[in-house]
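The file query14.txt comes next; it holds compact mmCIF, C-alpha atoms and all ligand atoms.
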```txt
# COMPACT_ATOMS: atom_id res chain seq x y z
CA MET A 1 121.18 92.37 121.94
CA GLY A 2 120.45 91.71 118.28
CA VAL A 3 118.76 94.19 116.00
CA LYS A 4 115.77 93.61 113.79
CA VAL A 5 114.71 96.39 111.47
CA VAL A 6 110.98 96.43 110.85
CA LYS A 7 109.30 98.30 108.04
CA PHE A 8 105.53 98.69 107.97
CA GLY A 9 103.71 99.47 104.73
CA GLY A 10 100.88 101.97 104.36
CA SER A 11 98.01 99.54 104.85
CA SER A 12 99.65 98.35 108.09
CA LEU A 13 99.51 101.92 109.40
CA ALA A 14 96.38 103.24 107.74
CA ASP A 15 94.56 104.09 110.96
CA ALA A 16 94.88 103.92 114.73
CA ASN A 17 93.74 100.34 114.86
CA GLN A 18 96.37 99.21 112.38
CA ILE A 19 99.05 101.16 114.24
CA LYS A 20 98.03 99.36 117.44
CA LYS A 21 98.56 96.03 115.67
CA ALA A 22 101.96 97.13 114.39
CA SER A 23 102.92 98.35 117.81
CA ALA A 24 101.93 95.04 119.44
CA ILE A 25 104.12 93.25 116.90
CA ILE A 26 107.06 95.54 117.66
CA LYS A 27 106.67 95.23 121.41
CA SER A 28 106.41 91.45 121.27
CA ASP A 29 110.07 91.11 120.34
CA ALA A 30 112.72 93.15 122.16
CA GLU A 31 115.01 93.01 119.14
CA ARG A 32 112.55 94.95 116.99
CA ARG A 33 114.20 98.24 117.84
CA PHE A 34 114.30 100.21 114.60
CA VAL A 35 111.05 100.98 112.85
CA VAL A 36 110.59 102.39 109.34
CA PRO A 37 106.99 103.48 108.67
CA SER A 38 105.22 104.35 105.43
CA ALA A 39 102.57 107.04 105.25
CA PRO A 40 99.00 105.95 106.12
CA GLY A 41 97.66 103.90 103.21
CA LYS A 42 94.17 102.81 102.27
CA ARG A 43 91.73 101.86 105.03
CA PHE A 44 89.28 100.33 102.54
CA SER A 45 89.52 99.67 98.82
CA ASP A 46 88.18 103.04 97.60
CA ASP A 47 90.17 105.02 100.13
CA ILE A 48 92.99 107.39 99.13
CA LYS A 49 96.53 106.98 100.40
CA VAL A 50 97.87 110.00 102.25
CA THR A 51 100.79 110.16 99.78
CA ASP A 52 98.30 110.59 96.93
CA MET A 53 96.39 113.22 98.91
CA LEU A 54 99.66 115.10 99.35
CA TYR A 55 100.52 114.91 95.65
CA ALA A 56 97.06 116.27 94.79
CA CYS A 57 97.36 119.02 97.37
CA TYR A 58 100.78 120.02 96.04
CA GLU A 59 99.38 120.13 92.52
CA LYS A 60 96.82 122.73 93.54
CA ALA A 61 99.26 124.69 95.67
CA SER A 62 101.84 124.89 92.89
CA LEU A 63 99.20 126.20 90.49
CA GLY A 64 98.25 128.86 92.98
CA GLU A 65 94.82 127.29 93.55
CA ASN A 66 93.15 127.14 96.93
CA PHE A 67 94.08 123.87 98.67
CA ASP A 68 92.64 124.57 102.13
CA SER A 69 90.07 121.82 102.12
CA ASP A 70 92.48 119.21 100.68
CA PHE A 71 94.95 120.13 103.39
CA GLU A 72 92.25 119.92 106.02
CA ASN A 73 91.42 116.39 104.88
CA ILE A 74 95.02 115.35 105.35
CA LYS A 75 95.15 116.91 108.80
CA ASN A 76 91.98 115.07 109.70
CA ARG A 77 93.48 111.72 108.75
CA TYR A 78 96.32 112.30 111.18
CA GLN A 79 94.13 113.79 113.88
CA GLU A 80 91.91 110.72 113.76
CA ILE A 81 94.97 108.56 114.27
CA ILE A 82 96.22 110.70 117.16
CA ASP A 83 92.79 110.58 118.81
CA GLY A 84 92.39 106.87 118.15
CA LEU A 85 95.69 106.22 119.88
CA ALA A 86 94.72 108.60 122.73
CA LEU A 87 98.03 110.40 122.32
CA ASN A 88 98.94 113.62 123.99
CA LEU A 89 100.49 115.03 120.83
CA SER A 90 99.91 118.12 118.74
CA LEU A 91 101.19 118.36 115.19
CA GLU A 92 99.84 121.90 114.72
CA GLU A 93 103.30 123.40 114.36
CA GLU A 94 104.33 120.82 111.81
CA PHE A 95 101.15 121.36 109.83
CA ALA A 96 101.61 125.13 109.80
CA GLU A 97 105.17 124.70 108.54
CA ILE A 98 104.13 122.23 105.85
CA LYS A 99 101.29 124.43 104.66
CA LYS A 100 103.61 127.39 104.44
CA ASN A 101 106.19 125.46 102.40
CA LEU A 102 103.86 123.36 100.30
CA ALA A 103 103.86 125.36 97.10
CA THR A 104 107.54 126.19 97.10
CA ALA A 105 109.47 123.27 98.60
CA GLY A 106 108.69 120.92 95.73
CA LYS A 107 106.56 117.90 94.96
CA GLU A 108 108.89 115.48 96.70
CA TYR A 109 108.90 117.54 99.87
CA ALA A 110 105.10 117.48 99.83
CA ALA A 111 104.94 113.71 99.36
CA SER A 112 107.56 113.05 102.02
CA ARG A 113 105.44 114.68 104.73
CA GLY A 114 103.20 111.60 104.76
CA GLU A 115 105.97 109.47 106.24
CA PHE A 116 107.37 112.35 108.32
CA LEU A 117 104.10 112.93 110.18
CA ASN A 118 103.30 109.25 110.56
CA GLY A 119 106.81 108.72 111.93
CA LYS A 120 106.24 111.39 114.57
CA ILE A 121 103.01 109.77 115.72
CA ILE A 122 104.41 106.26 115.80
CA ALA A 123 107.56 107.33 117.64
CA LYS A 124 105.42 108.96 120.30
CA TYR A 125 103.13 105.95 120.59
CA LEU A 126 106.05 103.52 120.91
CA ASP A 127 108.09 105.90 123.03
CA PHE A 128 111.00 105.51 120.59
CA GLU A 129 113.26 108.32 119.40
CA PHE A 130 112.17 110.06 116.18
CA ILE A 131 114.97 110.46 113.66
CA ASP A 132 114.24 112.59 110.63
CA ALA A 133 115.18 110.67 107.49
CA ALA A 134 116.38 113.98 106.00
CA ASP A 135 119.31 113.79 108.43
CA VAL A 136 120.42 110.29 107.50
CA ILE A 137 119.39 109.43 103.93
CA VAL A 138 121.53 111.31 101.41
CA PHE A 139 120.62 112.08 97.82
CA SER A 140 122.67 113.74 95.12
CA ASP A 141 121.28 116.97 93.69
CA ASP A 142 119.87 115.05 90.76
CA GLY A 143 117.97 112.73 93.06
CA VAL A 144 120.14 109.61 93.26
CA MET A 145 120.53 108.10 96.69
CA GLN A 146 124.16 108.07 97.79
CA ARG A 147 124.91 104.70 99.31
CA HIS A 148 128.20 105.37 101.04
CA GLU A 149 127.28 108.74 102.48
CA THR A 150 123.94 107.36 103.64
CA ARG A 151 125.52 104.41 105.38
CA ALA A 152 128.08 106.63 107.07
CA LYS A 153 125.39 109.08 108.25
CA LEU A 154 123.13 106.34 109.49
CA ARG A 155 125.93 104.68 111.44
CA GLU A 156 127.07 107.93 112.97
CA ARG A 157 123.56 109.06 113.92
CA LEU A 158 122.41 105.69 115.25
CA LYS A 159 125.52 104.63 117.09
CA ASP A 160 124.21 105.47 120.55
CA VAL A 161 120.52 105.04 119.79
CA THR A 162 118.77 101.95 121.10
CA HIS A 163 115.24 102.41 119.74
CA ALA A 164 114.16 104.67 116.89
CA VAL A 165 111.54 105.42 114.28
CA ILE A 166 112.99 106.57 110.96
CA PRO A 167 110.34 107.52 108.39
CA GLY A 168 110.63 105.81 105.02
CA PHE A 169 110.60 107.13 101.46
CA TYR A 170 112.66 110.32 101.70
CA GLY A 171 115.96 111.94 102.47
CA LYS A 172 117.73 115.16 101.65
CA SER A 173 120.02 116.20 98.84
CA VAL A 174 123.51 117.50 99.33
CA SER A 175 122.23 121.05 98.88
CA GLY A 176 119.44 120.58 101.38
CA VAL A 177 116.37 119.77 99.29
CA VAL A 178 114.02 117.00 100.42
CA ARG A 179 113.98 114.17 97.86
CA THR A 180 112.03 110.93 97.71
CA PHE A 181 112.57 107.50 96.22
CA SER A 182 110.08 106.37 93.60
CA ARG A 183 106.71 105.07 94.82
CA GLY A 184 106.91 102.31 97.39
CA GLY A 185 110.32 103.59 98.42
CA SER A 186 109.95 103.07 102.16
CA ASP A 187 111.12 99.53 101.42
CA VAL A 188 114.42 101.05 100.35
CA THR A 189 114.81 103.06 103.54
CA GLY A 190 114.19 99.93 105.61
CA SER A 191 116.82 98.05 103.68
CA LEU A 192 119.38 100.86 104.09
CA VAL A 193 118.78 101.02 107.83
CA ALA A 194 119.07 97.22 108.17
CA ARG A 195 122.34 97.30 106.27
CA ALA A 196 123.82 100.15 108.25
CA LEU A 197 122.97 98.48 111.57
CA HIS A 198 124.09 94.98 110.50
CA ALA A 199 120.60 93.81 111.43
CA SER A 200 120.03 90.09 111.86
CA ILE A 201 116.89 90.41 109.72
CA TYR A 202 114.90 92.98 107.79
CA GLU A 203 111.22 92.40 108.43
CA ASN A 204 108.88 93.90 105.87
CA TRP A 205 105.33 93.97 107.25
CA THR A 206 102.53 94.26 104.75
CA ASP A 207 98.97 93.02 104.19
CA VAL A 208 99.70 89.63 102.64
CA SER A 209 101.21 86.55 104.23
CA GLY A 210 104.16 86.42 101.88
CA VAL A 211 105.00 85.94 98.24
CA LEU A 212 102.74 83.56 96.36
CA VAL A 213 104.02 80.77 94.12
CA ALA A 214 101.93 82.12 91.23
CA ASP A 215 99.72 85.07 90.45
CA PRO A 216 96.39 84.62 92.32
CA ARG A 217 94.55 86.16 89.36
CA VAL A 218 95.69 83.17 87.34
CA VAL A 219 95.87 80.31 89.82
CA GLU A 220 93.16 79.85 92.42
CA ASN A 221 94.50 80.15 95.96
CA PRO A 222 98.18 79.63 95.27
CA ILE A 223 100.33 78.69 98.24
CA VAL A 224 102.86 81.04 99.82
CA ILE A 225 106.55 80.57 99.07
CA PRO A 226 108.08 79.81 102.48
CA VAL A 227 111.72 80.40 101.52
CA ILE A 228 113.19 81.97 98.42
CA THR A 229 116.74 83.02 97.58
CA TYR A 230 117.67 86.49 96.37
CA LYS A 231 118.58 85.05 92.98
CA GLU A 232 115.23 83.32 92.57
CA LEU A 233 113.44 86.47 93.62
CA ARG A 234 115.32 88.44 91.00
CA GLU A 235 114.28 85.99 88.29
CA LEU A 236 110.65 86.14 89.34
CA SER A 237 110.63 89.92 89.77
CA TYR A 238 112.04 90.34 86.32
CA MET A 239 109.08 88.37 85.02
CA GLY A 240 106.56 90.51 86.81
CA PHE A 241 106.35 89.42 90.46
CA SER A 242 106.04 92.59 92.47
CA VAL A 243 107.18 91.99 96.00
CA LEU A 244 109.38 94.81 97.20
CA HIS A 245 110.67 98.00 95.65
CA GLU A 246 113.46 96.92 93.28
CA ASP A 247 116.09 99.05 94.97
CA ALA A 248 115.35 97.53 98.36
CA ILE A 249 117.08 94.30 97.50
CA PHE A 250 120.63 95.44 96.89
CA PRO A 251 121.63 96.85 100.31
CA VAL A 252 120.55 93.82 102.33
CA ARG A 253 121.50 91.28 99.70
CA THR A 254 125.10 92.44 99.57
CA ALA A 255 125.31 92.25 103.36
CA GLY A 256 123.77 88.76 103.47
CA ILE A 257 120.82 89.95 105.57
CA PRO A 258 117.58 87.98 105.08
CA ILE A 259 114.24 89.68 104.51
CA ASN A 260 111.06 88.32 106.03
CA ILE A 261 107.81 89.41 104.37
CA LYS A 262 105.10 89.25 107.04
CA ASN A 263 101.43 90.06 107.41
CA THR A 264 100.48 92.68 110.02
CA ASN A 265 96.93 91.31 110.09
CA GLN A 266 98.10 87.73 110.62
CA PRO A 267 101.41 88.01 112.43
CA GLU A 268 101.41 84.33 113.35
CA ASP A 269 101.85 83.36 109.68
CA ALA A 270 105.48 82.61 108.86
CA GLY A 271 105.42 84.71 105.69
CA THR A 272 108.16 84.45 103.10
CA LEU A 273 111.82 84.41 104.04
CA ILE A 274 114.20 85.76 101.42
CA ILE A 275 117.65 84.37 102.05
CA PRO A 276 121.17 84.78 100.68
CA ASP A 277 121.94 82.38 97.88
CA SER A 278 124.52 80.54 99.96
CA ASP A 279 122.24 79.82 102.93
CA THR A 280 119.98 77.32 101.28
CA GLU A 281 121.18 74.09 102.86
CA GLU A 282 119.15 74.27 106.03
CA HIS A 283 115.83 74.87 104.28
CA SER A 284 113.82 72.06 102.78
CA ILE A 285 112.54 72.91 99.36
CA ARG A 286 110.16 72.10 96.61
CA THR A 287 111.46 71.53 93.11
CA ILE A 288 109.83 74.72 91.98
CA THR A 289 109.79 77.94 93.97
CA GLY A 290 107.67 80.13 91.74
CA ILE A 291 106.05 80.45 88.34
CA ALA A 292 105.81 83.81 86.63
CA GLY A 293 104.65 84.85 83.21
CA LYS A 294 104.71 88.00 81.16
CA LYS A 295 103.05 88.97 77.90
CA GLY A 296 104.17 91.57 75.39
CA PHE A 297 107.14 89.99 73.63
CA CYS A 298 107.84 89.18 70.03
CA ALA A 299 110.33 86.86 68.36
CA VAL A 300 112.53 87.96 65.50
CA ASN A 301 113.24 84.68 63.74
CA LEU A 302 116.21 84.33 61.41
CA GLU A 303 117.05 81.35 59.25
CA LYS A 304 120.09 80.88 57.05
CA ALA A 305 121.71 77.77 55.64
CA MET A 306 125.15 77.18 57.18
CA MET A 307 124.57 79.96 59.71
CA ASN A 308 126.51 78.04 62.32
CA SER A 309 129.74 78.22 60.34
CA GLU A 310 129.52 81.93 59.61
CA VAL A 311 131.89 83.71 61.98
CA GLY A 312 130.41 86.90 63.43
CA PHE A 313 126.80 86.18 62.41
CA VAL A 314 125.37 86.55 65.89
CA ARG A 315 127.53 89.59 66.60
CA ASP A 316 126.27 91.33 63.46
CA VAL A 317 122.67 90.60 64.39
CA LEU A 318 123.14 91.83 67.95
CA ASN A 319 124.88 94.98 66.77
CA ILE A 320 121.76 95.96 64.89
CA PHE A 321 119.62 95.53 67.98
CA ALA A 322 122.13 97.53 70.00
CA ASP A 323 122.34 100.32 67.42
CA MET A 324 118.57 100.57 67.37
CA GLY A 325 118.44 100.63 71.18
CA ILE A 326 116.35 97.44 71.45
CA LEU A 327 117.01 95.25 74.46
CA VAL A 328 117.50 91.53 73.74
CA GLU A 329 115.65 89.44 76.30
CA HIS A 330 116.47 85.93 75.14
CA MET A 331 118.24 84.35 72.22
CA PRO A 332 117.43 80.70 71.62
CA SER A 333 119.24 79.21 68.63
CA GLY A 334 119.39 76.13 66.44
CA ILE A 335 122.00 75.10 63.88
CA ASP A 336 120.69 77.32 61.13
CA THR A 337 118.19 79.36 63.08
CA LEU A 338 118.37 82.13 65.59
CA SER A 339 115.52 83.85 67.40
CA ILE A 340 115.75 87.07 69.27
CA ILE A 341 113.06 87.65 71.83
CA ALA A 342 112.44 91.33 72.43
CA ASP A 343 109.91 93.54 74.12
CA ALA A 344 107.11 94.24 71.65
CA ASP A 345 106.76 97.86 72.76
CA ALA A 346 110.45 98.54 72.23
CA LEU A 347 110.09 97.30 68.66
CA LYS A 348 106.90 99.15 67.85
CA GLY A 349 107.25 101.36 64.79
CA LYS A 350 110.75 100.04 64.11
CA GLU A 351 109.80 96.70 62.54
CA GLU A 352 110.45 97.59 58.91
CA GLN A 353 113.74 99.28 59.70
CA LEU A 354 114.89 96.29 61.75
CA LEU A 355 114.03 93.79 59.03
CA ALA A 356 115.79 95.91 56.41
CA GLU A 357 118.92 96.29 58.54
CA LEU A 358 119.03 92.56 59.25
CA ARG A 359 118.66 91.71 55.57
CA LYS A 360 121.45 94.07 54.70
CA ALA A 361 123.82 92.92 57.44
CA VAL A 362 123.51 89.12 57.41
CA ASN A 363 121.53 88.29 54.29
CA PRO A 364 119.29 85.63 55.91
CA ASP A 365 117.18 83.16 53.91
CA VAL A 366 114.21 84.01 56.10
CA VAL A 367 113.63 86.79 58.58
CA GLU A 368 110.28 87.48 60.17
CA ILE A 369 108.75 88.97 63.27
CA GLU A 370 106.39 86.78 65.23
CA PRO A 371 104.09 88.80 67.53
CA ASP A 372 102.09 87.89 70.67
CA ILE A 373 104.72 85.90 72.50
CA ALA A 374 104.52 85.40 76.24
CA LEU A 375 107.37 84.17 78.40
CA LEU A 376 106.91 81.86 81.30
CA ALA A 377 109.62 81.47 83.94
CA VAL A 378 109.67 78.34 86.04
CA VAL A 379 112.08 79.17 88.83
CA GLY A 380 113.50 76.94 91.54
CA ARG A 381 116.83 76.21 93.12
CA GLY A 382 115.44 72.72 93.68
CA MET A 383 115.64 72.05 89.94
CA ARG A 384 119.41 71.84 90.14
CA LYS A 385 119.30 68.60 92.03
CA THR A 386 116.20 67.04 90.57
CA ARG A 387 116.38 65.09 87.38
CA GLY A 388 113.41 65.08 85.05
CA THR A 389 112.10 68.54 85.89
CA ALA A 390 112.23 69.73 82.30
CA ALA A 391 110.48 66.56 81.20
CA ARG A 392 107.69 67.20 83.70
CA ILE A 393 107.29 70.81 82.62
CA PHE A 394 107.00 69.95 78.95
CA ALA A 395 104.88 66.87 79.49
CA SER A 396 102.36 68.98 81.38
CA LEU A 397 102.34 71.63 78.65
CA ALA A 398 101.94 68.97 75.97
CA HIS A 399 99.14 67.39 77.93
CA ALA A 400 97.32 70.73 77.94
CA ARG A 401 97.95 71.00 74.18
CA ILE A 402 100.07 74.09 74.56
CA ASN A 403 102.51 74.76 71.79
CA VAL A 404 105.99 75.62 73.05
CA LYS A 405 107.70 78.22 70.89
CA MET A 406 110.97 78.57 72.69
CA ILE A 407 112.92 77.01 75.53
CA ASP A 408 115.79 78.58 77.41
CA GLN A 409 117.53 77.23 80.48
CA GLY A 410 120.15 79.41 82.11
CA SER A 411 123.44 77.83 83.11
CA SER A 412 122.52 78.33 86.76
CA GLU A 413 119.79 75.70 86.27
CA LEU A 414 117.63 77.92 88.41
CA ASN A 415 115.24 78.90 85.72
CA VAL A 416 113.53 77.41 82.71
CA ILE A 417 112.06 79.98 80.36
CA VAL A 418 109.35 78.87 78.01
CA GLY A 419 107.94 80.95 75.18
CA VAL A 420 104.27 80.36 74.38
CA ASN A 421 101.57 82.18 72.53
CA GLU A 422 100.06 84.94 74.65
CA HIS A 423 96.65 83.31 74.72
CA ASP A 424 98.15 80.13 76.19
CA LEU A 425 100.00 81.82 79.03
CA HIS A 426 97.49 81.48 81.84
CA GLN A 427 96.67 77.91 81.01
CA ALA A 428 100.40 77.13 80.90
CA ILE A 429 100.95 78.61 84.36
CA ARG A 430 98.01 76.68 85.74
CA CYS A 431 99.14 73.36 84.37
CA ILE A 432 102.68 73.73 85.68
CA TYR A 433 101.29 74.76 89.06
CA ASP A 434 99.10 71.66 89.07
CA ALA A 435 101.95 69.38 88.09
CA PHE A 436 104.45 70.63 90.66
CA ILE A 437 102.43 72.12 93.48
CA SER A 438 98.81 70.94 93.62
CA SER A 439 99.88 67.36 93.14
CA THR A 440 102.09 67.54 96.24
CA LEU A 441 99.63 69.20 98.62
N1 LIG A 501 104.13 106.43 100.79
C1 LIG A 501 104.91 106.16 99.62
C2 LIG A 501 104.04 105.60 98.53
O1 LIG A 501 102.82 105.54 98.68
C3 LIG A 501 106.09 105.30 99.90
C4 LIG A 501 105.81 103.96 100.52
O2 LIG A 501 104.72 103.72 101.05
O3 LIG A 501 106.70 103.10 100.49
O4 LIG A 501 104.53 105.25 97.48
```
Show me, as structure tokens, the structure contained in the file I just sent.
Ligand code: ASP
Amino acid sequence: MGVKVVKFGGSSLADANQIKKASAIIKSDAERRFVVPSAPGKRFSDDIKVTDMLYACYEKASLGENFDSDFENIKNRYQEIIDGLALNLSLEEEFAEIKKNLATAGKEYAASRGEFLNGKIIAKYLDFEFIDAADVIVFSDDGVMQRHETRAKLRERLKDVTHAVIPGFYGKSVSGVVRTFSRGGSDVTGSLVARALHASIYENWTDVSGVLVADPRVVENPIVIPVITYKELRELSYMGFSVLHEDAIFPVRTAGIPINIKNTNQPEDAGTLIIPDSDTEEHSIRTITGIAGKKGFCAVNLEKAMMNSEVGFVRDVLNIFADMGILVEHMPSGIDTLSIIADADALKGKEEQLLAELRKAVNPDVVEIEPDIALLAVVGRGMRKTRGTAARIFASLAHARINVKMIDQGSSELNVIVGVNEHDLHQAIRCIYDAFISSTL
């Protein structure tokens, strides 16, 4: 039988009712045999995630302050879940152990208990085996997850297991200390488990019905992206789309395993399917998959007569950026002009030094820093085959009277990057959305 690895986020497991929904989803498909839970998240918008309660509790404990009532609140969250699921389960021993260790076992140990305890409850409710992530997810002593060791441990531990719950977010270092990923890291655990088991799919259950074509704070009711490739997702994530934990992509991507983002509250929705870059043929597509935008850039514009015939000009310019530790984001150029787009924060306080170094190194006719630049990424594998896409993008921007400051199209033809003034960004996203998406609905 095939294997599907299913990860549920905190809001999908925030209380007994949500856990019942997740459980119904799991039980409705016999291949959903390996479950990676987060800690209970928010039940309502002002609620506090258990992970945050644990961090706060640890803070007090480590300062030697009394944390009894904070700890009691955490216990109550779990007890409510146990009661709501009518489980015959006591976590008293676990709680006593955690309380005893809280001040001394470290902040990451404290945070990890959110997933640990939720995993115990869910395993009991599903009647699946509980496997402590500390036994299968390996970190180095400085907190870096060890891919090869982890995969080997997972395979060894899971080889005769048919159904299991493996809590997300944490593991154990070589010398036995509990370590966690950064926030949202249960996504990473799910991906590692899917990879180790050669799962047919990694389902990531959350509280939205997939990835949206554009930011809903900018575009009203944007549609969901039905299918997106890993490469497209990377382009959009880089420009600010937050979908999954960054480190969750690599394990499944390298193994060619698709990810399906699904909504626990609306399981019938198809969600978004993230597929390997080579598997695109069978999916029908729109020209544009997603539109993302990010503010906070500036352009360092250089102009010099006969620049194009000066060997080493670009190298000298880039060396200065490298020596000053400033990342170059984009580098559009003309015959006698070159612009370097960089993160405005990275440049802050270094402007005068940069200009002086550039003057000294390449003696430009003009060099200036233009602030308040936003970048807009129009991403779509469909653009490769469709002529006139660029024309449509720029016609719609022109129509909205938006001044384009820079254009960059990668050789993959997957992505057109447009630089605009920050105050034009939202309008630019809206007009491209209208031109390519609204007009086709
Ligand atoms: N519970 C952790 C957090 O809140 C990890 C996760 O949910 O993925 O960040």
Which residue out of A:Phe313, A:Phe321, A:Tyr78, A:Phe116 has the minimum interatomic distance to ligand LIG 501 (chain A) when all atoms listed in the file are used? A:Phe116
Take atom CA of Gly185 of chain A and atom CA of Phe71 of chain A and report the distance between them in Å, one decimal. 23.1 Å
Given 6 Å and only C-alpha atoms and all ligand atoms, residues near ligand LIG 501 (chain A) as a PyMOL selection string: chain A and resi 9-10+38-39+51+169+183-187
Can you measure atom CA of Leu154 of chain A to atom CA of Leu192 of chain A for me? One decimal in Å is fine. 8.6 Å
So for segment 194-207 of chain A, what box centre and size do we get, axis-aligned, 6 Å extra on each of the six sides, every listed atom, Å to one decimal, as AutoDock Vina command-line options?
```
--center_x 111.5 --center_y 95.1 --center_z 108.0 --size_x 37.1 --size_y 22.1 --size_z 19.7
```
Quick one: everything within 12 Å of Lys348 of chain A, counting all atoms listed in the file, minus sequence neighbours fewer than 3 positions away in the same chain. Send it as a PyMOL selection string. chain A and resi 296-298+324+326+342-345+351-354+369+371
How many Å separate atom CA of Ala322 of chain A from atom CA of Ala361 of chain A? 13.5 Å
For Ile259 of chain A, which residue among A:Gly240, A:Gly312, A:Ile82, A:Tyr202 is the nearest when counting all atoms listed in the file? A:Tyr202
Would you list the residues near (107.0, 99.9, 109.7), meaning any protein, DNA or RNA residue with an atom at most 7 Å from that point in file coordinates, counting all atoms listed in the file, as a PyMOL selection string? chain A and resi 6-9+35-38+205
Excluding Leu117 of chain A and residues on its chain fewer than 5 positions from it, collect all residues at most 9 Å away from it, counting all atoms listed in the file, and give them as a ChimeraX atom specification. /A:39,78,91,94-95,112,122,167
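Using only C-alpha atoms, the smallest distance between any of A:Ser173, A:Leu338, A:Thr289, A:Leu85 and Pro222 of chain A comes from A:Thr289.
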Distance table requested - segment 278-308 of chain A against segment 372-394 of chain A, cut-off 6 Å, all atoms listed in the file: one row per qualifying residue with the closest atom pair and its distance in Å to one decimal, ordered by chain and rising residue number, as a Markdown table.
```
| residue | atom | partner | partner_atom | distance |
| --- | --- | --- | --- | --- |
| A:Thr287 | CA | A:Gly382 | CA | 4.2 |
| A:Ile288 | CA | A:Gly380 | CA | 4.3 |
| A:Thr289 | CA | A:Gly380 | CA | 4.5 |
| A:Gly290 | CA | A:Val379 | CA | 5.4 |
| A:Ile291 | CA | A:Val378 | CA | 4.8 |
| A:Ala292 | CA | A:Ala377 | CA | 5.2 |
| A:Gly293 | CA | A:Leu376 | CA | 4.2 |
| A:Lys294 | CA | A:Leu375 | CA | 5.4 |
| A:Lys295 | CA | A:Ala374 | CA | 4.2 |
| A:Phe297 | CA | A:Ile373 | CA | 4.9 |
| A:Cys298 | CA | A:Ile373 | CA | 5.2 |
```
